[in-house]
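Chemist: What follows is my_file_22.cif, made up of mmCIF, C-alpha atoms:
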data_model
#
loop_
_atom_site.group_PDB
_atom_site.id
_atom_site.type_symbol
_atom_site.label_atom_id
_atom_site.label_comp_id
_atom_site.auth_asym_id
_atom_site.auth_seq_id
_atom_site.Cartn_x
_atom_site.Cartn_y
_atom_site.Cartn_z
ATOM 1 C CA MET A 756 -42.011 -23.608 11.740
ATOM 2 C CA LYS A 757 -39.632 -21.414 9.744
ATOM 3 C CA THR A 758 -36.765 -19.163 10.764
ATOM 4 C CA LYS A 759 -35.922 -16.005 8.888
ATOM 5 C CA VAL A 760 -32.183 -15.475 8.487
ATOM 6 C CA GLN A 761 -31.195 -11.829 8.840
ATOM 7 C CA ILE A 762 -27.671 -11.512 7.528
ATOM 8 C CA ARG A 763 -25.842 -8.346 8.459
ATOM 9 C CA ALA A 764 -23.232 -7.880 5.747
ATOM 10 C CA GLU A 765 -21.174 -5.408 7.742
ATOM 11 C CA LEU A 766 -20.971 -7.745 10.747
ATOM 12 C CA TYR A 767 -19.809 -10.723 8.713
ATOM 13 C CA LEU A 768 -17.352 -8.587 6.770
ATOM 14 C CA GLY A 769 -15.965 -7.240 10.033
ATOM 15 C CA TYR A 770 -15.436 -10.786 11.307
ATOM 16 C CA PHE A 771 -13.791 -11.833 8.052
ATOM 17 C CA LEU A 772 -11.528 -8.786 8.073
ATOM 18 C CA LEU A 773 -10.535 -9.560 11.658
ATOM 19 C CA PHE A 774 -9.770 -13.131 10.606
ATOM 20 C CA ILE A 775 -7.467 -11.883 7.815
ATOM 21 C CA VAL A 776 -5.667 -9.560 10.244
ATOM 22 C CA LEU A 777 -5.132 -12.366 12.777
ATOM 23 C CA VAL A 778 -3.802 -14.726 10.098
ATOM 24 C CA LEU A 779 -1.351 -12.099 8.887
ATOM 25 C CA LEU A 780 -0.266 -11.249 12.442
ATOM 26 C CA VAL A 781 0.563 -14.918 13.032
ATOM 27 C CA PHE A 782 2.120 -15.879 9.687
ATOM 28 C CA ALA A 783 3.398 -12.552 8.357
ATOM 29 C CA PRO A 784 3.813 -9.965 11.134
ATOM 30 C CA GLY A 785 6.095 -7.925 8.870
ATOM 31 C CA PHE A 786 3.130 -7.314 6.587
ATOM 32 C CA PHE A 787 2.027 -4.538 8.929
ATOM 33 C CA SER A 788 5.243 -2.561 8.594
ATOM 34 C CA LEU A 789 4.660 1.168 8.318
ATOM 35 C CA ASN A 790 5.663 1.453 4.653
ATOM 36 C CA ASN A 791 3.579 -1.542 3.577
ATOM 37 C CA THR A 792 0.546 -0.364 5.545
ATOM 38 C CA MET A 793 0.731 3.123 4.041
ATOM 39 C CA SER A 794 1.082 1.617 0.555
ATOM 40 C CA ILE A 795 -2.049 -0.516 1.043
ATOM 41 C CA LEU A 796 -3.995 2.419 2.471
ATOM 42 C CA ASN A 797 -2.987 4.586 -0.483
ATOM 43 C CA ARG A 798 -4.462 2.024 -2.902
ATOM 44 C CA PHE A 799 -7.436 1.596 -0.601
ATOM 45 C CA SER A 800 -8.097 5.341 -0.739
ATOM 46 C CA TYR A 801 -8.804 5.647 -4.452
ATOM 47 C CA LEU A 802 -10.611 2.295 -4.602
ATOM 48 C CA LEU A 803 -12.919 3.301 -1.762
ATOM 49 C CA ILE A 804 -13.684 6.772 -3.092
ATOM 50 C CA SER A 805 -14.855 5.335 -6.425
ATOM 51 C CA ALA A 806 -16.555 2.363 -4.740
ATOM 52 C CA ILE A 807 -18.694 4.869 -2.826
ATOM 53 C CA ALA A 808 -19.687 6.366 -6.185
ATOM 54 C CA MET A 809 -20.596 2.895 -7.432
ATOM 55 C CA THR A 810 -22.577 2.238 -4.253
ATOM 56 C CA LEU A 811 -24.776 5.289 -4.841
ATOM 57 C CA ILE A 812 -25.361 4.282 -8.452
ATOM 58 C CA ILE A 813 -26.208 0.653 -7.653
ATOM 59 C CA ILE A 814 -28.583 1.636 -4.829
ATOM 60 C CA THR A 815 -30.678 3.382 -7.522
ATOM 61 C CA ALA A 816 -30.751 0.036 -9.442
ATOM 62 C CA ASN A 817 -28.307 1.365 -12.059
ATOM 63 C CA ILE A 818 -24.690 0.404 -12.734
ATOM 64 C CA ASP A 819 -21.621 2.001 -14.315
ATOM 65 C CA VAL A 820 -19.249 -0.317 -16.182
ATOM 66 C CA SER A 821 -17.428 2.622 -17.786
ATOM 67 C CA ALA A 822 -15.754 3.771 -14.554
ATOM 68 C CA GLY A 823 -12.317 2.301 -15.361
ATOM 69 C CA PRO A 824 -11.886 3.787 -18.854
ATOM 70 C CA LEU A 825 -13.488 7.016 -17.618
ATOM 71 C CA ILE A 826 -10.815 7.304 -14.935
ATOM 72 C CA SER A 827 -8.120 6.609 -17.558
ATOM 73 C CA VAL A 828 -9.394 9.552 -19.622
ATOM 74 C CA ILE A 829 -9.343 11.798 -16.558
ATOM 75 C CA CYS A 830 -5.782 10.697 -15.736
ATOM 76 C CA LEU A 831 -4.571 11.682 -19.214
ATOM 77 C CA PHE A 832 -6.433 14.973 -19.003
ATOM 78 C CA LEU A 833 -4.798 15.678 -15.640
ATOM 79 C CA ALA A 834 -1.374 14.893 -17.085
ATOM 80 C CA ALA A 835 -1.969 17.397 -19.881
ATOM 81 C CA VAL A 836 -3.045 20.011 -17.338
ATOM 82 C CA GLY A 837 -0.168 19.071 -15.022
ATOM 83 C CA LYS A 838 2.363 19.822 -17.767
ATOM 84 C CA THR A 839 1.660 23.507 -17.140
ATOM 85 C CA GLY A 840 2.960 23.206 -13.569
ATOM 86 C CA VAL A 841 -0.309 23.911 -11.736
ATOM 87 C CA ASN A 842 -0.704 22.879 -8.085
ATOM 88 C CA ILE A 843 -2.677 19.975 -6.621
ATOM 89 C CA GLY A 844 -5.709 22.158 -5.884
ATOM 90 C CA VAL A 845 -6.107 23.001 -9.556
ATOM 91 C CA LEU A 846 -5.536 19.372 -10.522
ATOM 92 C CA LEU A 847 -8.254 18.196 -8.127
ATOM 93 C CA LEU A 848 -10.739 20.720 -9.516
ATOM 94 C CA ALA A 849 -9.792 19.795 -13.086
ATOM 95 C CA GLY A 850 -10.213 16.093 -12.343
ATOM 96 C CA MET A 851 -13.623 16.611 -10.766
ATOM 97 C CA ALA A 852 -14.752 18.843 -13.653
ATOM 98 C CA MET A 853 -13.755 16.240 -16.236
ATOM 99 C CA GLY A 854 -15.407 13.517 -14.154
ATOM 100 C CA ILE A 855 -18.648 15.505 -14.113
ATOM 101 C CA PHE A 856 -18.505 16.026 -17.887
ATOM 102 C CA LEU A 857 -17.927 12.338 -18.687
ATOM 103 C CA SER A 858 -20.528 11.125 -16.188
ATOM 104 C CA LEU A 859 -22.984 13.611 -17.645
ATOM 105 C CA LEU A 860 -22.554 11.845 -20.975
ATOM 106 C CA ASN A 861 -23.422 8.553 -19.289
ATOM 107 C CA VAL A 862 -26.530 9.807 -17.554
ATOM 108 C CA MET A 863 -27.812 11.631 -20.642
ATOM 109 C CA LEU A 864 -27.825 8.344 -22.554
ATOM 110 C CA ILE A 865 -29.769 6.786 -19.684
ATOM 111 C CA ILE A 866 -32.240 9.622 -19.133
ATOM 112 C CA VAL A 867 -32.756 11.142 -22.597
ATOM 113 C CA PHE A 868 -32.535 8.030 -24.755
ATOM 114 C CA LYS A 869 -33.910 5.614 -22.130
ATOM 115 C CA ILE A 870 -30.976 3.235 -22.613
ATOM 116 C CA PRO A 871 -30.446 0.767 -19.715
ATOM 117 C CA ALA A 872 -27.499 1.860 -17.585
ATOM 118 C CA ILE A 873 -25.441 -1.268 -18.237
ATOM 119 C CA VAL A 874 -25.819 -0.837 -22.021
ATOM 120 C CA ALA A 875 -25.203 2.925 -21.954
ATOM 121 C CA THR A 876 -22.080 2.692 -19.820
ATOM 122 C CA LEU A 877 -20.781 -0.300 -21.788
ATOM 123 C CA ALA A 878 -21.047 1.849 -24.907
ATOM 124 C CA THR A 879 -19.265 4.812 -23.314
ATOM 125 C CA SER A 880 -16.637 2.428 -21.944
ATOM 126 C CA GLN A 881 -15.743 1.522 -25.525
ATOM 127 C CA LEU A 882 -15.979 5.176 -26.527
ATOM 128 C CA PHE A 883 -13.576 6.306 -23.796
ATOM 129 C CA THR A 884 -11.157 3.483 -24.619
ATOM 130 C CA GLY A 885 -11.238 4.269 -28.325
ATOM 131 C CA VAL A 886 -10.874 8.028 -28.063
ATOM 132 C CA MET A 887 -7.669 8.062 -25.981
ATOM 133 C CA PRO A 888 -5.275 6.904 -28.751
ATOM 134 C CA LEU A 889 -6.549 9.775 -30.923
ATOM 135 C CA PHE A 890 -4.986 12.284 -28.532
ATOM 136 C CA VAL A 891 -2.126 10.421 -26.851
ATOM 137 C CA GLU A 892 0.503 8.025 -28.141
ATOM 138 C CA GLY A 893 0.668 5.603 -25.235
ATOM 139 C CA SER A 894 1.476 7.944 -22.364
ATOM 140 C CA ILE A 895 2.329 11.429 -21.133
ATOM 141 C CA TYR A 896 5.645 11.628 -19.297
ATOM 142 C CA ASP A 897 8.300 13.972 -17.887
ATOM 143 C CA LEU A 898 5.731 15.616 -15.649
ATOM 144 C CA PRO A 899 6.948 18.330 -13.236
ATOM 145 C CA PRO A 900 7.458 17.782 -9.475
ATOM 146 C CA SER A 901 4.302 19.795 -8.788
ATOM 147 C CA PHE A 902 2.313 17.007 -10.449
ATOM 148 C CA THR A 903 3.521 14.319 -8.036
ATOM 149 C CA TRP A 904 3.384 16.524 -4.933
ATOM 150 C CA LEU A 905 0.347 14.707 -3.521
ATOM 151 C CA ALA A 906 2.042 11.294 -3.670
ATOM 152 C CA PHE A 907 5.539 12.196 -2.533
ATOM 153 C CA ASN A 908 5.389 15.374 -0.474
ATOM 154 C CA ALA A 909 1.884 15.730 0.974
ATOM 155 C CA LYS A 910 2.315 13.667 4.120
ATOM 156 C CA LEU A 911 0.881 14.405 7.538
ATOM 157 C CA PHE A 912 3.605 14.098 10.216
ATOM 158 C CA GLY A 913 5.863 12.974 7.361
ATOM 159 C CA ILE A 914 4.107 9.563 7.361
ATOM 160 C CA ILE A 915 0.426 9.608 6.371
ATOM 161 C CA PRO A 916 -0.097 10.184 2.611
ATOM 162 C CA GLY A 917 -2.320 13.046 1.558
ATOM 163 C CA SER A 918 -4.512 10.608 -0.363
ATOM 164 C CA ILE A 919 -5.585 9.016 2.926
ATOM 165 C CA LEU A 920 -6.592 12.398 4.333
ATOM 166 C CA ILE A 921 -8.654 13.071 1.201
ATOM 167 C CA MET A 922 -10.292 9.659 1.608
ATOM 168 C CA ILE A 923 -11.159 10.324 5.255
ATOM 169 C CA ILE A 924 -12.832 13.612 4.305
ATOM 170 C CA VAL A 925 -14.825 11.945 1.501
ATOM 171 C CA VAL A 926 -15.869 8.976 3.656
ATOM 172 C CA THR A 927 -16.919 11.183 6.592
ATOM 173 C CA PHE A 928 -19.001 13.352 4.292
ATOM 174 C CA PHE A 929 -20.838 10.418 2.705
ATOM 175 C CA LEU A 930 -21.432 8.609 5.989
ATOM 176 C CA ILE A 931 -23.281 11.724 7.144
ATOM 177 C CA PHE A 932 -24.842 12.373 3.734
ATOM 178 C CA MET A 933 -26.357 8.885 3.398
ATOM 179 C CA LYS A 934 -27.697 8.859 6.943
ATOM 180 C CA TYR A 935 -29.203 12.296 7.393
ATOM 181 C CA THR A 936 -30.072 13.940 4.064
ATOM 182 C CA ARG A 937 -33.442 13.858 2.315
ATOM 183 C CA PHE A 938 -31.668 13.296 -0.983
ATOM 184 C CA SER A 939 -30.306 9.962 0.253
ATOM 185 C CA LYS A 940 -33.836 8.856 1.168
ATOM 186 C CA LYS A 941 -34.858 9.549 -2.433
ATOM 187 C CA ILE A 942 -31.955 7.396 -3.657
ATOM 188 C CA TYR A 943 -33.180 4.419 -1.641
ATOM 189 C CA ALA A 944 -36.789 5.040 -2.673
ATOM 190 C CA ILE A 945 -35.893 4.959 -6.364
ATOM 191 C CA GLY A 946 -33.906 1.767 -5.928
ATOM 192 C CA ASN A 947 -36.730 0.059 -4.065
ATOM 193 C CA ASN A 948 -39.492 0.929 -6.519
ATOM 194 C CA ILE A 949 -39.038 3.572 -9.188
ATOM 195 C CA GLU A 950 -42.751 3.860 -9.987
ATOM 196 C CA SER A 951 -43.699 4.268 -6.341
ATOM 197 C CA ALA A 952 -40.982 6.904 -6.009
ATOM 198 C CA ARG A 953 -42.479 8.834 -8.929
ATOM 199 C CA LEU A 954 -45.985 8.595 -7.501
ATOM 200 C CA SER A 955 -44.702 9.902 -4.156
ATOM 201 C CA GLY A 956 -43.471 13.069 -5.871
ATOM 202 C CA ILE A 957 -39.764 12.253 -6.271
ATOM 203 C CA ASN A 958 -38.212 13.669 -9.442
ATOM 204 C CA VAL A 959 -36.440 10.500 -10.553
ATOM 205 C CA THR A 960 -34.699 12.238 -13.456
ATOM 206 C CA LYS A 961 -33.118 14.919 -11.268
ATOM 207 C CA VAL A 962 -32.031 12.437 -8.607
ATOM 208 C CA THR A 963 -30.479 10.089 -11.183
ATOM 209 C CA ILE A 964 -28.605 12.958 -12.818
ATOM 210 C CA GLY A 965 -27.450 14.109 -9.384
ATOM 211 C CA ILE A 966 -26.132 10.648 -8.509
ATOM 212 C CA PHE A 967 -24.091 10.340 -11.699
ATOM 213 C CA LEU A 968 -22.678 13.845 -11.285
ATOM 214 C CA ILE A 969 -21.664 13.013 -7.706
ATOM 215 C CA ALA A 970 -20.061 9.838 -9.058
ATOM 216 C CA GLY A 971 -18.181 11.937 -11.625
ATOM 217 C CA ILE A 972 -16.758 14.106 -8.846
ATOM 218 C CA LEU A 973 -15.610 11.028 -6.919
ATOM 219 C CA TYR A 974 -14.098 9.444 -10.045
ATOM 220 C CA GLY A 975 -12.210 12.702 -10.578
ATOM 221 C CA ILE A 976 -10.780 12.578 -7.053
ATOM 222 C CA SER A 977 -9.732 8.932 -7.492
ATOM 223 C CA ALA A 978 -8.155 9.713 -10.855
ATOM 224 C CA THR A 979 -6.162 12.556 -9.300
ATOM 225 C CA ILE A 980 -4.744 10.205 -6.653
ATOM 226 C CA ILE A 981 -3.914 7.559 -9.275
ATOM 227 C CA ALA A 982 -2.405 9.886 -11.880
ATOM 228 C CA THR A 983 -0.242 11.948 -9.533
ATOM 229 C CA ALA A 984 1.490 8.865 -8.121
ATOM 230 C CA SER A 985 3.865 8.803 -11.105
ATOM 231 C CA GLN A 986 5.605 11.143 -13.529
ATOM 232 C CA ARG A 987 4.355 8.952 -16.353
ATOM 233 C CA VAL A 988 0.605 8.669 -17.009
ATOM 234 C CA THR A 989 -0.611 5.921 -19.347
ATOM 235 C CA MET A 990 -3.895 5.125 -21.088
ATOM 236 C CA THR A 991 -4.371 1.981 -18.992
ATOM 237 C CA MET A 992 -4.220 3.461 -15.496
ATOM 238 C CA GLY A 993 -7.916 2.937 -14.809
ATOM 239 C CA MET A 994 -8.581 -0.109 -16.965
ATOM 240 C CA GLY A 995 -10.337 -2.911 -15.094
ATOM 241 C CA LEU A 996 -10.918 -0.854 -11.955
ATOM 242 C CA GLU A 997 -14.659 -0.745 -12.585
ATOM 243 C CA MET A 998 -14.943 -4.444 -11.713
ATOM 244 C CA GLN A 999 -13.141 -3.830 -8.421
ATOM 245 C CA PHE A 1000 -15.506 -0.965 -7.596
ATOM 246 C CA ILE A 1001 -18.521 -3.142 -8.361
ATOM 247 C CA ALA A 1002 -17.077 -6.109 -6.450
ATOM 248 C CA ALA A 1003 -16.321 -3.986 -3.371
ATOM 249 C CA THR A 1004 -19.844 -2.573 -3.465
ATOM 250 C CA LEU A 1005 -21.533 -5.981 -3.728
ATOM 251 C CA LEU A 1006 -19.184 -7.477 -1.167
ATOM 252 C CA GLY A 1007 -20.194 -4.664 1.172
ATOM 253 C CA GLY A 1008 -23.821 -5.757 1.014
ATOM 254 C CA THR A 1009 -25.271 -3.355 -1.542
ATOM 255 C CA SER A 1010 -28.129 -5.063 -3.375
ATOM 256 C CA ILE A 1011 -27.518 -5.486 -7.101
ATOM 257 C CA SER A 1012 -31.254 -4.974 -7.604
ATOM 258 C CA GLY A 1013 -31.108 -1.608 -5.831
ATOM 259 C CA GLY A 1014 -32.709 -0.113 -2.739
ATOM 260 C CA ARG A 1015 -30.218 -1.352 -0.156
ATOM 261 C CA GLY A 1016 -26.600 -0.585 0.693
ATOM 262 C CA THR A 1017 -24.389 1.367 3.082
ATOM 263 C CA VAL A 1018 -21.147 3.284 2.901
ATOM 264 C CA LEU A 1019 -19.908 1.342 5.946
ATOM 265 C CA GLY A 1020 -20.407 -1.960 4.150
ATOM 266 C CA THR A 1021 -18.534 -0.626 1.126
ATOM 267 C CA ILE A 1022 -15.640 0.418 3.386
ATOM 268 C CA PHE A 1023 -15.312 -3.155 4.686
ATOM 269 C CA GLY A 1024 -15.725 -4.656 1.237
ATOM 270 C CA THR A 1025 -13.081 -2.395 -0.285
ATOM 271 C CA LEU A 1026 -10.616 -2.979 2.548
ATOM 272 C CA ILE A 1027 -10.890 -6.743 2.088
ATOM 273 C CA LEU A 1028 -10.376 -6.537 -1.679
ATOM 274 C CA ALA A 1029 -7.518 -4.057 -1.298
ATOM 275 C CA SER A 1030 -5.756 -6.403 1.150
ATOM 276 C CA ILE A 1031 -6.049 -9.768 -0.631
ATOM 277 C CA ALA A 1032 -3.490 -9.222 -3.409
ATOM 278 C CA PRO A 1033 -0.787 -7.570 -1.219
ATOM 279 C CA ALA A 1034 -1.275 -10.232 1.473
ATOM 280 C CA SER A 1035 -0.991 -13.045 -1.084
ATOM 281 C CA ASN A 1036 2.161 -11.534 -2.574
ATOM 282 C CA TYR A 1037 3.703 -11.079 0.868
ATOM 283 C CA LEU A 1038 2.972 -14.695 1.762
ATOM 284 C CA GLY A 1039 4.469 -15.869 -1.534
ATOM 285 C CA ILE A 1040 1.154 -17.166 -2.878
ATOM 286 C CA ASN A 1041 0.691 -17.390 -6.630
ATOM 287 C CA PRO A 1042 -1.221 -14.292 -7.881
ATOM 288 C CA ASP A 1043 -3.633 -16.618 -9.690
ATOM 289 C CA TYR A 1044 -4.709 -18.027 -6.323
ATOM 290 C CA SER A 1045 -5.228 -14.489 -5.113
ATOM 291 C CA ASP A 1046 -7.661 -13.927 -7.969
ATOM 292 C CA LEU A 1047 -9.346 -17.231 -7.130
ATOM 293 C CA VAL A 1048 -9.838 -16.226 -3.500
ATOM 294 C CA THR A 1049 -11.210 -12.849 -4.596
ATOM 295 C CA GLY A 1050 -13.624 -14.576 -6.959
ATOM 296 C CA ILE A 1051 -14.842 -16.976 -4.266
ATOM 297 C CA ILE A 1052 -15.409 -14.103 -1.840
ATOM 298 C CA ILE A 1053 -17.420 -12.203 -4.440
ATOM 299 C CA VAL A 1054 -19.552 -15.267 -5.275
ATOM 300 C CA VAL A 1055 -20.325 -15.806 -1.579
ATOM 301 C CA ALA A 1056 -21.139 -12.101 -1.227
ATOM 302 C CA VAL A 1057 -23.543 -12.235 -4.172
ATOM 303 C CA ILE A 1058 -25.272 -15.343 -2.722
ATOM 304 C CA ILE A 1059 -25.704 -13.576 0.630
ATOM 305 C CA ASN A 1060 -26.896 -10.531 -1.308
ATOM 306 C CA LEU A 1061 -29.567 -12.592 -3.080
ATOM 307 C CA LEU A 1062 -30.681 -14.234 0.155
ATOM 308 C CA ASN A 1063 -31.129 -10.838 1.735
ATOM 309 C CA SER A 1064 -33.019 -9.561 -1.305
ATOM 310 C CA ASN A 1065 -35.345 -12.595 -1.402
ATOM 311 C CA PRO A 1066 -36.452 -13.523 2.132
ATOM 312 C CA LYS A 1067 -38.885 -16.119 0.744
ATOM 313 C CA VAL A 1068 -35.970 -17.968 -0.818
ATOM 314 C CA THR A 1069 -34.105 -17.784 2.474
ATOM 315 C CA GLU A 1070 -37.102 -19.198 4.344
ATOM 316 C CA THR A 1071 -37.325 -22.061 1.868
ATOM 317 C CA ILE A 1072 -33.643 -22.938 2.183
ATOM 318 C CA VAL A 1073 -33.194 -22.426 5.909
ATOM 319 C CA ARG A 1074 -35.747 -24.207 8.161
ATOM 320 C CA LEU A 1075 -35.755 -25.593 11.639
ATOM 321 C CA PRO A 1076 -35.602 -29.434 11.609
ATOM 322 C CA LYS A 1077 -39.014 -31.081 11.884
ATOM 323 C CA GLY A 1078 -39.737 -33.518 14.677
ATOM 324 C CA ALA A 1079 -40.922 -37.065 14.156
ATOM 325 C CA ASP A 1080 -44.520 -35.889 14.222
ATOM 326 C CA GLY A 1081 -43.860 -33.438 11.368
ATOM 327 C CA LYS A 1082 -44.533 -30.358 13.553
#
Please rewrite the model in this file as structure tokens.

Modeler:
Amino acid sequence: MKTKVQIRAELYLGYFLLFIVLVLLVFAPGFFSLNNTMSILNRFSYLLISAIAMTLIIITANIDVSAGPLISVICLFLAAVGKTGVNIGVLLLAGMAMGIFLSLLNVMLIIVFKIPAIVATLATSQLFTGVMPLFVEGSIYDLPPSFTWLAFNAKLFGIIPGSILIMIIVVTFFLIFMKYTRFSKKIYAIGNNIESARLSGINVTKVTIGIFLIAGILYGISATIIATASQRVTMTMGMGLEMQFIAATLLGGTSISGGRGTVLGTIFGTLILASIAPASNYLGINPDYSDLVTGIIIVVAVIINLLNSNPKVTETIVRLPKGADGK
């Protein structure tokens, strides 16, 4: 007799997150001070917004490893625009427009030239990294107060940063979008079996383009939050973030092979990743150990991910003990 193990990623992540909170409440109650909590949530906001973009892409069995450099390019573009003294509304629109343009480049390589997503986005990652020094010598600085308005002045009740409000709007939209729209059903269908999706009448090309353009919009929003937090914007502001987006997505239960994933799981996964480093620093733990813990969590998440994706493997590994008679 065999037992199928149904692992609910969100449930286990919720338990783990609760465990982290309890540990911090006992050993570092000051960690939850208002300023520290708002600082963590601010970082959480831009990580989550882009992790949602990565979730949509990975559900379609694609991936985007250019997200970090792409965000760096957007940040520099926003700084150049911000020099003119425009308001945050214009900056947000400019960031989203540039995100769409750069993501369009990614998806054209995938769709037109039939290049695998990981290869295409790896190529554009190098392209984005290499093109920045041609236009900027290290950084853009001395930006006007209007540029940093979102980070320093846009606070609800004088406490809650504007970036968190933007995040709440984005998250609410995509929770509804992924649950109730026909387009989301097409995303899952493509990730499950692209040929079956085609045969069922789904225009795979249009849906894939749509997903990458949505991702570009979300990258633009994240870049706006990141760039406007300082009066000095550098070429490295987004570097390495793509791995955090991917890690948060996988940790949240999205299948690396496509076809399965939820925004709720990504929220939990991102919150855990966004909390590990600040919690380690607050507790006086070596940052290297923080990276180690993050790595272990990701490995465990990937193993759970694979078990969920391959129920036959799970059945082979997890069995009820046999009695003496072998039954």

Chemist: Suppose a student applies the PyMOL selection byres ((chain A and resi 1005) around 8) to this structure; what residues should they get, written as a VMD selection string?

Modeler: chain A and resid 1001 to 1004 1006 to 1011 1021 1024 1053 1056 to 1057 1060

Chemist: Report, in Å with one decimal, the straight-line distance from atom CA of A:Ile964 to atom CA of A:Met994.

Modeler: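 Value for the atom CA of A:Ile964-atom CA of A:Met994 distance: 24.3 Å.
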
Chemist: Can you work out the spacing between atom CA of A:Phe771 and atom CA of A:Gly1050 in Å, to one decimal?

Modeler: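 These two atoms are separated by 15.3 Å.
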
Chemist: Report, in Å with one decimal, the straight-line distance from atom CA of A:Ser821 to atom CA of A:Val1055.

Modeler: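 Value for the atom CA of A:Ser821-atom CA of A:Val1055 distance: 24.7 Å.
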
Chemist: Using all atoms listed in the file, which of the listed residues (A:Ser951, A:Ser858, A:Lys910, A:Gly975) sits closest to A:Ala872?

Modeler: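 Among the listed residues, the smallest separation from A:Ala872 belongs to A:Ser858.
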
Chemist: For the structure shown, which residues end up in the PyMOL selection byres ((chain A and resi 990) around 7)? Put them as a ChimeraX atom specification, please?

Modeler: /A:827,831,887,893-894,989,991-992

Chemist: Restricting the calculation to all atoms listed in the file: of A:Tyr896, A:Phe799, A:Phe890, A:Phe907, which residue gets closest to A:Pro1033?

Modeler: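 Of A:Tyr896, A:Phe799, A:Phe890, A:Phe907, the one nearest A:Pro1033 is A:Phe799, counting all atoms listed in the file.
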
Chemist: Residue by residue, what does the PyMOL selection byres ((chain A and resi 808) around 8) grab here? Present the result as an MDAnalysis selection string.

Modeler: chainID A and resid 804:807 809:812 969:971 973:974

Chemist: Quick one: stretch 1037-1049 of chain A with N, CA and C atoms, as a PDB file, in the frame of the given file?

Modeler:
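Saved to rebuild16.pdb:
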ATOM      1  N   TYR A1037       2.800 -11.063  -0.285  1.00  0.00           N
ATOM      2  CA  TYR A1037       3.703 -11.079   0.868  1.00  0.00           C
ATOM      3  C   TYR A1037       3.927 -12.493   1.376  1.00  0.00           C
ATOM      4  N   LEU A1038       2.874 -13.306   1.302  1.00  0.00           N
ATOM      5  CA  LEU A1038       2.972 -14.695   1.762  1.00  0.00           C
ATOM      6  C   LEU A1038       3.566 -15.617   0.700  1.00  0.00           C
ATOM      7  N   GLY A1039       3.878 -15.062  -0.469  1.00  0.00           N
ATOM      8  CA  GLY A1039       4.469 -15.869  -1.534  1.00  0.00           C
ATOM      9  C   GLY A1039       3.477 -16.747  -2.263  1.00  0.00           C
ATOM     10  N   ILE A1040       2.192 -16.387  -2.208  1.00  0.00           N
ATOM     11  CA  ILE A1040       1.154 -17.166  -2.878  1.00  0.00           C
ATOM     12  C   ILE A1040       1.040 -16.715  -4.330  1.00  0.00           C
ATOM     13  N   ASN A1041       0.845 -17.671  -5.212  1.00  0.00           N
ATOM     14  CA  ASN A1041       0.691 -17.390  -6.630  1.00  0.00           C
ATOM     15  C   ASN A1041      -0.429 -16.367  -6.840  1.00  0.00           C
ATOM     16  N   PRO A1042      -0.185 -15.315  -7.646  1.00  0.00           N
ATOM     17  CA  PRO A1042      -1.221 -14.292  -7.881  1.00  0.00           C
ATOM     18  C   PRO A1042      -2.525 -14.876  -8.427  1.00  0.00           C
ATOM     19  N   ASP A1043      -2.418 -15.991  -9.162  1.00  0.00           N
ATOM     20  CA  ASP A1043      -3.633 -16.618  -9.690  1.00  0.00           C
ATOM     21  C   ASP A1043      -4.534 -17.089  -8.559  1.00  0.00           C
ATOM     22  N   TYR A1044      -3.919 -17.596  -7.479  1.00  0.00           N
ATOM     23  CA  TYR A1044      -4.709 -18.027  -6.323  1.00  0.00           C
ATOM     24  C   TYR A1044      -5.357 -16.835  -5.633  1.00  0.00           C
ATOM     25  N   SER A1045      -4.658 -15.712  -5.681  1.00  0.00           N
ATOM     26  CA  SER A1045      -5.228 -14.489  -5.113  1.00  0.00           C
ATOM     27  C   SER A1045      -6.505 -14.115  -5.848  1.00  0.00           C
ATOM     28  N   ASP A1046      -6.464 -14.212  -7.174  1.00  0.00           N
ATOM     29  CA  ASP A1046      -7.661 -13.927  -7.969  1.00  0.00           C
ATOM     30  C   ASP A1046      -8.766 -14.934  -7.666  1.00  0.00           C
ATOM     31  N   LEU A1047      -8.374 -16.190  -7.450  1.00  0.00           N
ATOM     32  CA  LEU A1047      -9.346 -17.231  -7.130  1.00  0.00           C
ATOM     33  C   LEU A1047     -10.057 -16.926  -5.811  1.00  0.00           C
ATOM     34  N   VAL A1048      -9.263 -16.557  -4.803  1.00  0.00           N
ATOM     35  CA  VAL A1048      -9.838 -16.226  -3.500  1.00  0.00           C
ATOM     36  C   VAL A1048     -10.789 -15.041  -3.626  1.00  0.00           C
ATOM     37  N   THR A1049     -10.363 -14.022  -4.385  1.00  0.00           N
ATOM     38  CA  THR A1049     -11.210 -12.849  -4.596  1.00  0.00           C
ATOM     39  C   THR A1049     -12.526 -13.251  -5.256  1.00  0.00           C
TER      40      THR A1049
END
